[in-house]
$ cat target-v7.tsv   # TSV, C-alpha atoms
chain	number	residue	atom	x	y	z
Z	26	MET	CA	0.00	0.00	0.00
Z	27	VAL	CA	1.33	3.43	-0.96
Z	28	GLU	CA	1.71	5.73	2.01
Z	29	PRO	CA	-0.64	8.70	1.80
Z	30	LEU	CA	1.15	12.00	1.48
Z	31	ILE	CA	-0.30	13.20	4.77
Z	32	SER	CA	1.93	10.70	6.58
Z	33	THR	CA	5.14	12.04	5.03
Z	34	ALA	CA	4.56	15.66	4.04
Z	35	THR	CA	6.24	18.31	6.14
Z	36	VAL	CA	5.04	21.77	7.00
Z	37	GLY	CA	5.69	24.05	4.06
Z	38	HIS	CA	4.87	21.40	1.46
Z	39	ILE	CA	3.31	23.08	-1.57
Z	40	PHE	CA	0.21	21.73	-3.32
Z	41	GLY	CA	-0.62	22.73	-6.85
Z	42	PRO	CA	-1.08	25.18	-8.37
Z	43	TYR	CA	-4.43	23.72	-9.32
Z	44	ASP	CA	-6.65	25.04	-12.06
Z	45	VAL	CA	-9.95	25.59	-10.24
Z	46	THR	CA	-11.72	27.39	-13.04
Z	47	ILE	CA	-15.42	26.56	-12.75
Z	48	PRO	CA	-17.22	26.01	-16.06
Z	49	SER	CA	-20.93	26.62	-16.53
Z	50	ASP	CA	-22.00	22.99	-16.14
Z	51	ARG	CA	-20.46	22.83	-12.67
Z	52	ALA	CA	-21.96	26.19	-11.73
Z	53	HIS	CA	-25.33	24.82	-12.82
Z	54	ALA	CA	-24.80	21.68	-10.72
Z	55	TYR	CA	-23.98	23.90	-7.75
Z	56	ALA	CA	-27.24	25.80	-8.20
Z	57	THR	CA	-29.09	22.48	-8.31
Z	58	ALA	CA	-27.36	21.34	-5.13
Z	59	VAL	CA	-27.85	24.40	-2.95
Z	60	GLY	CA	-30.51	26.48	-4.69
Z	61	GLY	CA	-33.96	27.43	-3.50
Z	62	GLU	CA	-36.53	30.16	-3.83
Z	63	GLU	CA	-34.61	32.48	-1.56
Z	64	SER	CA	-31.24	31.98	-3.22
Z	65	PRO	CA	-29.35	35.07	-4.28
Z	66	ASP	CA	-29.03	35.89	-7.95
Z	67	TYR	CA	-25.39	35.38	-8.86
Z	68	GLY	CA	-25.90	36.42	-12.47
Z	69	ASP	CA	-22.79	35.37	-14.35
Z	70	SER	CA	-20.74	35.14	-11.13
Z	71	LEU	CA	-19.87	32.21	-8.89
Z	72	ALA	CA	-20.29	31.52	-5.23
Z	73	PRO	CA	-16.67	31.64	-4.02
Z	74	ILE	CA	-17.27	28.66	-1.76
Z	75	LEU	CA	-17.55	26.49	-4.87
Z	76	ILE	CA	-14.04	27.49	-5.92
Z	77	VAL	CA	-12.81	26.62	-2.43
Z	78	ALA	CA	-14.55	23.25	-2.64
Z	79	ALA	CA	-12.97	22.52	-6.00
Z	80	ALA	CA	-9.53	23.21	-4.55
Z	81	LEU	CA	-10.30	21.12	-1.48
Z	82	THR	CA	-11.17	18.14	-3.68
Z	83	LYS	CA	-7.76	18.34	-5.33
Z	84	LEU	CA	-6.02	18.73	-1.98
Z	85	ILE	CA	-7.76	15.65	-0.59
Z	86	GLU	CA	-6.71	13.68	-3.65
Z	87	ASP	CA	-3.09	14.79	-3.35
Z	88	LEU	CA	-3.00	14.09	0.36
Z	89	GLY	CA	-4.01	10.52	-0.46
Z	90	LEU	CA	-7.11	10.69	1.70
Z	91	TYR	CA	-9.42	8.86	-0.67
Z	92	ALA	CA	-7.54	5.64	0.11
Z	93	GLY	CA	-9.70	2.90	1.57
Z	94	GLY	CA	-9.51	2.44	5.32
Z	95	LEU	CA	-8.85	6.07	6.12
Z	96	GLN	CA	-11.48	7.98	8.00
Z	97	THR	CA	-11.20	11.63	7.19
Z	98	ILE	CA	-13.07	14.38	8.98
Z	99	HIS	CA	-13.26	17.88	7.60
Z	100	ALA	CA	-13.00	19.65	10.92
Z	101	GLY	CA	-12.67	23.30	10.11
Z	102	GLN	CA	-12.75	25.82	7.30
Z	103	GLU	CA	-11.78	29.43	6.89
Z	104	VAL	CA	-12.49	31.50	3.78
Z	105	SER	CA	-11.91	35.09	2.76
Z	106	TRP	CA	-12.78	36.56	-0.61
Z	107	SER	CA	-12.07	39.94	-2.15
Z	108	ARG	CA	-14.02	40.14	-5.41
Z	109	ARG	CA	-16.62	38.43	-7.55
Z	110	VAL	CA	-15.48	35.73	-9.99
Z	111	LYS	CA	-17.27	35.05	-13.24
Z	112	ILE	CA	-18.25	31.60	-14.43
Z	113	GLY	CA	-15.40	30.26	-16.55
Z	114	GLU	CA	-12.91	32.85	-15.29
Z	115	GLN	CA	-9.46	31.38	-14.74
Z	116	VAL	CA	-8.58	30.84	-11.09
Z	117	ASP	CA	-5.56	28.97	-9.78
Z	118	ALA	CA	-5.20	27.64	-6.26
Z	119	THR	CA	-1.90	27.00	-4.50
Z	120	GLY	CA	-1.85	25.25	-1.14
Z	121	LYS	CA	0.74	25.16	1.60
Z	122	LEU	CA	0.79	22.67	4.44
Z	123	ALA	CA	0.58	24.88	7.51
Z	124	ALA	CA	0.43	22.17	10.16
Z	125	ASN	CA	0.70	18.40	10.29
Z	126	SER	CA	0.81	16.69	13.64
Z	127	ILE	CA	-0.24	13.47	15.32
Z	128	ARG	CA	-2.23	13.57	18.53
Z	129	ARG	CA	-3.70	10.51	20.20
Z	130	GLY	CA	-3.13	8.55	17.01
Z	131	ASN	CA	-4.94	11.01	14.77
Z	132	HIS	CA	-3.39	13.19	12.10
Z	133	PHE	CA	-4.29	16.86	12.24
Z	134	ALA	CA	-3.41	18.70	9.04
Z	135	THR	CA	-4.08	22.29	8.05
Z	136	VAL	CA	-3.59	23.51	4.50
Z	137	ALA	CA	-3.66	27.21	3.65
Z	138	VAL	CA	-4.66	28.05	0.09
Z	139	SER	CA	-4.20	31.19	-1.99
Z	140	TYR	CA	-6.43	31.83	-5.02
Z	141	THR	CA	-5.15	33.95	-7.87
Z	142	ASP	CA	-6.66	35.26	-11.08
Z	143	SER	CA	-5.10	35.31	-14.54
Z	144	SER	CA	-3.07	38.41	-13.64
Z	145	GLY	CA	-1.59	36.66	-10.62
Z	146	ALA	CA	-3.49	38.83	-8.16
Z	147	GLU	CA	-4.73	37.14	-5.02
Z	148	ILE	CA	-8.53	37.15	-4.93
Z	149	GLY	CA	-9.16	34.86	-1.98
Z	150	THR	CA	-7.68	32.65	0.70
Z	151	SER	CA	-8.80	29.60	2.60
Z	152	SER	CA	-7.57	27.32	5.33
Z	153	THR	CA	-8.77	23.75	5.79
Z	154	THR	CA	-8.23	21.57	8.83
Z	155	ILE	CA	-8.56	17.82	8.40
Z	156	ILE	CA	-8.42	15.04	10.96
Z	157	VAL	CA	-7.51	11.57	9.78
Z	158	SER	CA	-7.91	8.44	11.85
Z	159	GLY	CA	-7.37	4.85	10.82
Z	160	GLU	CA	-4.39	3.10	9.30
Z	161	VAL	CA	-2.20	6.04	8.41
Z	162	SER	CA	1.45	5.10	8.38
Z	163	SER	CA	3.83	7.54	9.94
S	14	MET	CA	-27.61	51.23	-3.97
S	15	ASN	CA	-25.70	49.92	-1.01
S	16	THR	CA	-28.24	49.30	1.71
S	17	ASN	CA	-25.92	47.47	4.07
S	18	LYS	CA	-24.61	50.40	6.03
S	19	ALA	CA	-27.95	51.98	6.70
S	20	SER	CA	-30.00	48.91	7.48
S	21	LYS	CA	-27.84	46.62	9.63
S	22	THR	CA	-27.68	46.77	13.40
S	23	VAL	CA	-26.43	44.55	16.20
S	24	GLY	CA	-28.98	41.85	16.96
S	25	ASP	CA	-30.28	41.62	13.39
S	26	GLN	CA	-31.07	38.08	12.32
S	27	LEU	CA	-29.70	37.05	8.94
S	28	ALA	CA	-31.88	35.58	6.22
S	29	GLY	CA	-31.80	31.97	7.41
S	30	PHE	CA	-33.78	29.29	5.62
S	31	GLU	CA	-34.61	25.59	5.66
S	32	ARG	CA	-33.34	23.15	3.08
S	33	GLN	CA	-33.90	19.43	2.78
S	34	ILE	CA	-30.61	17.78	1.86
S	35	SER	CA	-31.80	15.15	-0.56
S	36	GLN	CA	-29.46	12.61	-2.10
S	37	GLU	CA	-30.15	14.37	-5.41
S	38	ARG	CA	-28.67	17.55	-3.96
S	39	VAL	CA	-25.65	15.60	-2.70
S	40	ASP	CA	-25.16	14.03	-6.12
S	41	ALA	CA	-25.36	17.45	-7.76
S	42	TYR	CA	-22.89	18.86	-5.27
S	43	ALA	CA	-20.46	16.06	-6.13
S	44	GLU	CA	-20.67	17.11	-9.78
S	45	ALA	CA	-20.16	20.75	-8.88
S	46	SER	CA	-17.23	20.29	-6.52
S	47	GLY	CA	-15.63	17.27	-8.15
S	48	ASP	CA	-15.73	15.46	-4.80
S	49	HIS	CA	-16.97	11.98	-5.67
S	50	ASN	CA	-15.88	10.38	-2.40
S	51	PRO	CA	-18.06	7.24	-2.09
S	52	ILE	CA	-18.94	8.14	1.48
S	53	HIS	CA	-21.27	10.71	-0.08
S	54	LEU	CA	-22.51	8.68	-3.03
S	55	ASP	CA	-22.22	4.90	-2.54
S	56	GLU	CA	-24.52	3.49	0.13
S	57	SER	CA	-22.89	0.05	0.15
S	58	TYR	CA	-19.49	1.63	0.74
S	59	ALA	CA	-20.88	4.07	3.30
S	60	THR	CA	-22.22	1.24	5.45
S	61	THR	CA	-18.60	0.26	6.11
S	62	THR	CA	-17.70	3.67	7.50
S	63	GLN	CA	-18.05	5.13	10.97
S	64	PHE	CA	-21.33	6.76	9.92
S	65	GLY	CA	-23.01	3.59	8.65
S	66	THR	CA	-24.69	5.42	5.79
S	67	ARG	CA	-24.02	8.16	3.27
S	68	ILE	CA	-23.38	11.68	4.54
S	69	ALA	CA	-23.64	15.01	2.77
S	70	HIS	CA	-20.50	16.93	1.99
S	71	GLY	CA	-19.68	19.27	4.85
S	72	MET	CA	-18.98	21.93	2.26
S	73	LEU	CA	-22.56	21.59	1.03
S	74	SER	CA	-23.83	22.63	4.45
S	75	LEU	CA	-21.32	25.47	4.48
S	76	ALA	CA	-22.48	26.49	1.00
S	77	LEU	CA	-25.99	26.93	2.39
S	78	VAL	CA	-24.59	29.18	5.11
S	79	THR	CA	-22.84	31.29	2.50
S	80	GLU	CA	-26.10	31.53	0.52
S	81	MET	CA	-27.59	33.12	3.61
S	82	LEU	CA	-24.66	35.53	3.88
S	83	ALA	CA	-24.90	36.44	0.18
S	84	THR	CA	-28.61	37.15	0.61
S	85	SER	CA	-28.13	39.17	3.79
S	86	PHE	CA	-25.14	41.14	2.46
S	87	PRO	CA	-25.70	41.20	-1.31
S	88	ASN	CA	-23.29	44.06	-1.97
S	89	THR	CA	-20.33	43.02	0.12
S	90	TRP	CA	-20.24	39.34	1.04
S	91	HIS	CA	-18.42	38.32	-2.13
S	92	SER	CA	-16.01	41.24	-1.97
S	93	GLY	CA	-14.54	41.33	1.49
S	94	GLY	CA	-16.39	38.67	3.46
S	95	LYS	CA	-14.60	36.21	5.73
S	96	LEU	CA	-15.72	33.18	7.68
S	97	LYS	CA	-14.32	30.64	10.07
S	98	VAL	CA	-16.36	27.56	10.94
S	99	ARG	CA	-16.15	24.13	12.49
S	100	PHE	CA	-17.96	21.10	11.13
S	101	THR	CA	-19.46	19.60	14.24
S	102	ALA	CA	-21.87	16.90	13.03
S	103	PRO	CA	-22.62	15.07	9.79
S	104	VAL	CA	-25.79	15.74	7.80
S	105	PHE	CA	-27.50	12.69	6.39
S	106	PRO	CA	-29.40	12.73	3.09
S	107	GLY	CA	-33.08	13.30	3.77
S	108	GLU	CA	-32.48	15.60	6.73
S	109	THR	CA	-33.73	19.17	6.69
S	110	VAL	CA	-31.24	21.72	7.93
S	111	VAL	CA	-31.77	25.33	8.96
S	112	THR	CA	-29.23	28.08	8.42
S	113	TYR	CA	-29.01	30.86	10.96
S	114	GLY	CA	-27.04	33.97	11.67
S	115	GLU	CA	-27.04	37.04	13.87
S	116	ILE	CA	-25.02	40.24	13.84
S	117	THR	CA	-23.19	40.34	17.15
S	118	SER	CA	-21.12	43.47	16.68
S	119	ILE	CA	-20.37	46.27	14.24
S	120	ALA	CA	-16.99	47.88	14.41
S	121	GLU	CA	-15.48	50.93	12.75
S	122	THR	CA	-12.17	49.91	11.19
S	123	GLU	CA	-9.67	51.46	8.83
S	124	ASN	CA	-11.53	49.59	6.09
S	125	GLY	CA	-14.93	50.91	7.15
S	126	LEU	CA	-17.75	49.34	9.10
S	127	ILE	CA	-17.37	45.61	9.65
S	128	ALA	CA	-20.17	43.41	10.97
S	129	THR	CA	-19.34	40.26	12.92
S	130	CYS	CA	-21.95	37.52	12.83
S	131	ASN	CA	-22.49	34.20	14.53
S	132	ILE	CA	-23.42	31.80	11.76
S	133	GLY	CA	-24.28	28.16	11.36
S	134	CYS	CA	-26.50	25.40	10.15
S	135	LYS	CA	-28.60	23.24	12.46
S	136	LYS	CA	-29.79	19.67	12.07
S	137	PRO	CA	-33.39	18.59	12.77
S	138	ASP	CA	-32.54	17.80	16.40
S	139	GLY	CA	-31.19	21.30	16.93
S	140	THR	CA	-27.52	20.40	17.00
S	141	ASP	CA	-25.10	22.35	14.88
S	142	ALA	CA	-23.75	20.75	11.73
S	143	VAL	CA	-21.70	23.87	11.02
S	144	ALA	CA	-20.98	26.69	13.43
S	145	GLY	CA	-18.70	29.67	13.45
S	146	ARG	CA	-18.32	33.32	12.73
S	147	ALA	CA	-18.28	35.62	9.72
S	148	THR	CA	-17.16	39.18	9.20
S	149	VAL	CA	-18.64	41.29	6.41
S	150	PRO	CA	-18.00	44.86	5.32
S	151	LEU	CA	-21.08	47.07	5.55
S	152	GLU	CA	-20.07	49.63	2.96

$ encode --input "target-v7.tsv" --output "C-alpha cells"
Amino acid sequence: MVEPLISTATVGHIFGPYDVTIPSDRAHAYATAVGGEESPDYGDSLAPILIVAAALTKLIEDLGLYAGGLQTIHAGQEVSWSRRVKIGEQVDATGKLAANSIRRGNHFATVAVSYTDSSGAEIGTSSTTIIVSGEVSS
Amino acid sequence: MNTNKASKTVGDQLAGFERQISQERVDAYAEASGDHNPIHLDESYATTTQFGTRIAHGMLSLALVTEMLATSFPNTWHSGGKLKVRFTAPVFPGETVVTYGEITSIAETENGLIATCNIGCKKPDGTDAVAGRATVPLE
C-alpha cells in the first residue's frame, strides 16, 4: 500500500497550483445542489465557496485521503474573498501545508490556500483543517 | 444602492432558511465540486464507515450558510467577506437543515464598518452541523 502523502509531508509542502476554473456545467450543478426560492441571484458570477470546494477536492486527492480504510473528517474551514469571480474565469489555487501533527493517534493537518486570477493577483484565501484516523502510516 | 450600512444593526437576524438535503442535492454537489468520495454517493461503501450510511459533503452545508450571507449582504459578502467555521456533526441525506445567523457586533475599522456575525447550520434535532463566525463589510 502506498503511504498517503499526509503521513510524510512536512510543514511548508506546496500543493498545486491547481486550475480551479469553474465552467458553466459545474456552476449549474452547484445551483441544483444548494438552490432554493430564496437563493441570491449570482448572475454570471460564482459563489466563491464552490471554488474553495474545487480546490479542497484536489487537496484531498493529493494528500491521499481517498484511500480505503482512512477515516477523514473535515473539521474546520476558513475562507476570505475579495471580489466576484465570473463563471469560466481562470482561477488557480496553491496550497501550503501549515500544520501536520499526530495527537492521540490522529493526524491533524491544516492547508492554507491562496487563489489567484489570470493576472496573478490574489482574490481569496482559505484554510482547511482535516483530521484523519485509521491506518495512516507515519 | 448599497443598503448594508444603513439597514444593519447589532442583533439583526440574517436571512436563514430551511433546506432538505436530498441525495439528489448531494449528487449534484459532487458534480459541482468534483468530490466523488463514495462516502457521499455509494450506500454500500458508506455502510462500512463510521457513519453507517451516506453523509452530505460538509462543504454543502457550508455552501448553504454562505447563501444566507450572500442574501443578507448582497453588496459586500463576495467582496470582502470572511468566515471561520467548524464542522461539528454530519448531515444525512433526507435531513432538513436550517441556516441561521445574527449580527453580534459592528466595528469601525480602517476599512470601514465591519459586521461580525455568529453563523451556522442546524440539524433537525437542533444540534449544529456547522458553526462559526463571519465578518462582512457594511459599505

$ atom_distance --input "target-v7.tsv" --atom1 "CA of Ala142 (chain S)" --atom2 "CA of Ile116 (chain S)"
19.6 Å

$ closest_residue --input "target-v7.tsv" --among "S:Leu54, S:Ala83, S:Ile68, S:Ile132" --to "chain Z" --atoms "only C-alpha atoms"
S:Ala83

$ residues_around --input "target-v7.tsv" --residues "region 109-111 of chain S" --least-positions-apart "6" --cutoff "12 Å" --atoms "all atoms listed in the file" --output "ChimeraX atom specification"
/Z:59 /S:27-36,38,69,73-75,77-78,80-81,102-103,132-144

$ write_last_selection --input "target-v7.tsv" --atoms "C-alpha atoms" --output "compact mmCIF listing (two decimals), in the coordinates of the input"
# COMPACT_ATOMS: atom_id res chain seq x y z
CA VAL Z 59 -27.85 24.40 -2.95
CA LEU S 27 -29.70 37.05 8.94
CA ALA S 28 -31.88 35.58 6.22
CA GLY S 29 -31.80 31.97 7.41
CA PHE S 30 -33.78 29.29 5.62
CA GLU S 31 -34.61 25.59 5.66
CA ARG S 32 -33.34 23.15 3.08
CA GLN S 33 -33.90 19.43 2.78
CA ILE S 34 -30.61 17.78 1.86
CA SER S 35 -31.80 15.15 -0.56
CA GLN S 36 -29.46 12.61 -2.10
CA ARG S 38 -28.67 17.55 -3.96
CA ALA S 69 -23.64 15.01 2.77
CA LEU S 73 -22.56 21.59 1.03
CA SER S 74 -23.83 22.63 4.45
CA LEU S 75 -21.32 25.47 4.48
CA LEU S 77 -25.99 26.93 2.39
CA VAL S 78 -24.59 29.18 5.11
CA GLU S 80 -26.10 31.53 0.52
CA MET S 81 -27.59 33.12 3.61
CA ALA S 102 -21.87 16.90 13.03
CA PRO S 103 -22.62 15.07 9.79
CA ILE S 132 -23.42 31.80 11.76
CA GLY S 133 -24.28 28.16 11.36
CA CYS S 134 -26.50 25.40 10.15
CA LYS S 135 -28.60 23.24 12.46
CA LYS S 136 -29.79 19.67 12.07
CA PRO S 137 -33.39 18.59 12.77
CA ASP S 138 -32.54 17.80 16.40
CA GLY S 139 -31.19 21.30 16.93
CA THR S 140 -27.52 20.40 17.00
CA ASP S 141 -25.10 22.35 14.88
CA ALA S 142 -23.75 20.75 11.73
CA VAL S 143 -21.70 23.87 11.02
CA ALA S 144 -20.98 26.69 13.43

$ interface_residues --input "target-v7.tsv" --of "chain Z" --to "chain S" --cutoff "6 Å" --atoms "only C-alpha atoms" --output "compact mmCIF listing (two decimals) with C-alpha atoms, in the frame of the given file"
# COMPACT_ATOMS: atom_id res chain seq x y z
CA ARG Z 51 -20.46 22.83 -12.67
CA ALA Z 54 -24.80 21.68 -10.72
CA TYR Z 55 -23.98 23.90 -7.75
CA ALA Z 58 -27.36 21.34 -5.13
CA PRO Z 65 -29.35 35.07 -4.28
CA ALA Z 78 -14.55 23.25 -2.64
CA ALA Z 79 -12.97 22.52 -6.00
CA THR Z 82 -11.17 18.14 -3.68
CA ALA Z 100 -13.00 19.65 10.92
CA GLY Z 101 -12.67 23.30 10.11
CA GLN Z 102 -12.75 25.82 7.30
CA GLU Z 103 -11.78 29.43 6.89
CA VAL Z 104 -12.49 31.50 3.78
CA SER Z 105 -11.91 35.09 2.76
CA TRP Z 106 -12.78 36.56 -0.61
CA SER Z 107 -12.07 39.94 -2.15
CA ARG Z 108 -14.02 40.14 -5.41
CA ARG Z 109 -16.62 38.43 -7.55

$ closest_residue --input "target-v7.tsv" --among "S:Gly107, S:Asn124, S:Ile119, S:Asn131" --to "Val23 (chain S)" --atoms "only C-alpha atoms"
S:Ile119

$ atom_distance --input "target-v7.tsv" --atom1 "CA of Leu88 (chain Z)" --atom2 "CA of Ser151 (chain Z)"
16.7 Å

$ atom_distance --input "target-v7.tsv" --atom1 "CA of Ile85 (chain Z)" --atom2 "CA of Ala137 (chain Z)"
13.0 Å

$ residues_around --input "target-v7.tsv" --residues "Ser49 (chain Z)" --least-positions-apart "3" --cutoff "7 Å" --atoms "all atoms listed in the file" --output "JSON, numbers by chain"
{"Z": [52, 53, 112, 113]}

$ decode --input "target-v7.tsv" --residues "region 65-126 of chain Z" --atoms "C-alpha atoms" --output "mmCIF file, in the first residue's frame"
data_model
loop_
_atom_site.group_PDB
_atom_site.id
_atom_site.type_symbol
_atom_site.label_atom_id
_atom_site.label_comp_id
_atom_site.auth_asym_id
_atom_site.auth_seq_id
_atom_site.Cartn_x
_atom_site.Cartn_y
_atom_site.Cartn_z
ATOM 1 C CA PRO Z 65 -29.350 35.074 -4.277
ATOM 2 C CA ASP Z 66 -29.035 35.889 -7.952
ATOM 3 C CA TYR Z 67 -25.386 35.380 -8.855
ATOM 4 C CA GLY Z 68 -25.895 36.425 -12.470
ATOM 5 C CA ASP Z 69 -22.794 35.373 -14.355
ATOM 6 C CA SER Z 70 -20.744 35.136 -11.130
ATOM 7 C CA LEU Z 71 -19.869 32.206 -8.885
ATOM 8 C CA ALA Z 72 -20.294 31.515 -5.226
ATOM 9 C CA PRO Z 73 -16.669 31.642 -4.022
ATOM 10 C CA ILE Z 74 -17.267 28.661 -1.759
ATOM 11 C CA LEU Z 75 -17.553 26.487 -4.872
ATOM 12 C CA ILE Z 76 -14.045 27.485 -5.917
ATOM 13 C CA VAL Z 77 -12.809 26.623 -2.427
ATOM 14 C CA ALA Z 78 -14.554 23.253 -2.644
ATOM 15 C CA ALA Z 79 -12.965 22.518 -6.001
ATOM 16 C CA ALA Z 80 -9.525 23.208 -4.553
ATOM 17 C CA LEU Z 81 -10.302 21.118 -1.482
ATOM 18 C CA THR Z 82 -11.167 18.139 -3.680
ATOM 19 C CA LYS Z 83 -7.761 18.335 -5.328
ATOM 20 C CA LEU Z 84 -6.017 18.732 -1.980
ATOM 21 C CA ILE Z 85 -7.760 15.654 -0.590
ATOM 22 C CA GLU Z 86 -6.708 13.681 -3.649
ATOM 23 C CA ASP Z 87 -3.086 14.795 -3.351
ATOM 24 C CA LEU Z 88 -2.996 14.087 0.363
ATOM 25 C CA GLY Z 89 -4.006 10.519 -0.463
ATOM 26 C CA LEU Z 90 -7.106 10.690 1.704
ATOM 27 C CA TYR Z 91 -9.419 8.862 -0.668
ATOM 28 C CA ALA Z 92 -7.543 5.640 0.113
ATOM 29 C CA GLY Z 93 -9.700 2.896 1.569
ATOM 30 C CA GLY Z 94 -9.515 2.442 5.321
ATOM 31 C CA LEU Z 95 -8.845 6.069 6.119
ATOM 32 C CA GLN Z 96 -11.482 7.978 8.004
ATOM 33 C CA THR Z 97 -11.196 11.627 7.194
ATOM 34 C CA ILE Z 98 -13.073 14.380 8.978
ATOM 35 C CA HIS Z 99 -13.264 17.884 7.603
ATOM 36 C CA ALA Z 100 -13.000 19.648 10.924
ATOM 37 C CA GLY Z 101 -12.673 23.304 10.110
ATOM 38 C CA GLN Z 102 -12.755 25.817 7.295
ATOM 39 C CA GLU Z 103 -11.778 29.434 6.887
ATOM 40 C CA VAL Z 104 -12.487 31.499 3.780
ATOM 41 C CA SER Z 105 -11.912 35.091 2.763
ATOM 42 C CA TRP Z 106 -12.778 36.555 -0.612
ATOM 43 C CA SER Z 107 -12.069 39.936 -2.155
ATOM 44 C CA ARG Z 108 -14.018 40.140 -5.412
ATOM 45 C CA ARG Z 109 -16.618 38.426 -7.547
ATOM 46 C CA VAL Z 110 -15.481 35.729 -9.988
ATOM 47 C CA LYS Z 111 -17.270 35.053 -13.244
ATOM 48 C CA ILE Z 112 -18.254 31.600 -14.430
ATOM 49 C CA GLY Z 113 -15.404 30.261 -16.549
ATOM 50 C CA GLU Z 114 -12.906 32.850 -15.292
ATOM 51 C CA GLN Z 115 -9.460 31.382 -14.742
ATOM 52 C CA VAL Z 116 -8.582 30.839 -11.094
ATOM 53 C CA ASP Z 117 -5.563 28.974 -9.776
ATOM 54 C CA ALA Z 118 -5.197 27.635 -6.255
ATOM 55 C CA THR Z 119 -1.902 26.999 -4.497
ATOM 56 C CA GLY Z 120 -1.846 25.252 -1.141
ATOM 57 C CA LYS Z 121 0.735 25.162 1.601
ATOM 58 C CA LEU Z 122 0.788 22.668 4.439
ATOM 59 C CA ALA Z 123 0.583 24.879 7.508
ATOM 60 C CA ALA Z 124 0.428 22.174 10.158
ATOM 61 C CA ASN Z 125 0.698 18.395 10.286
ATOM 62 C CA SER Z 126 0.808 16.688 13.638
#
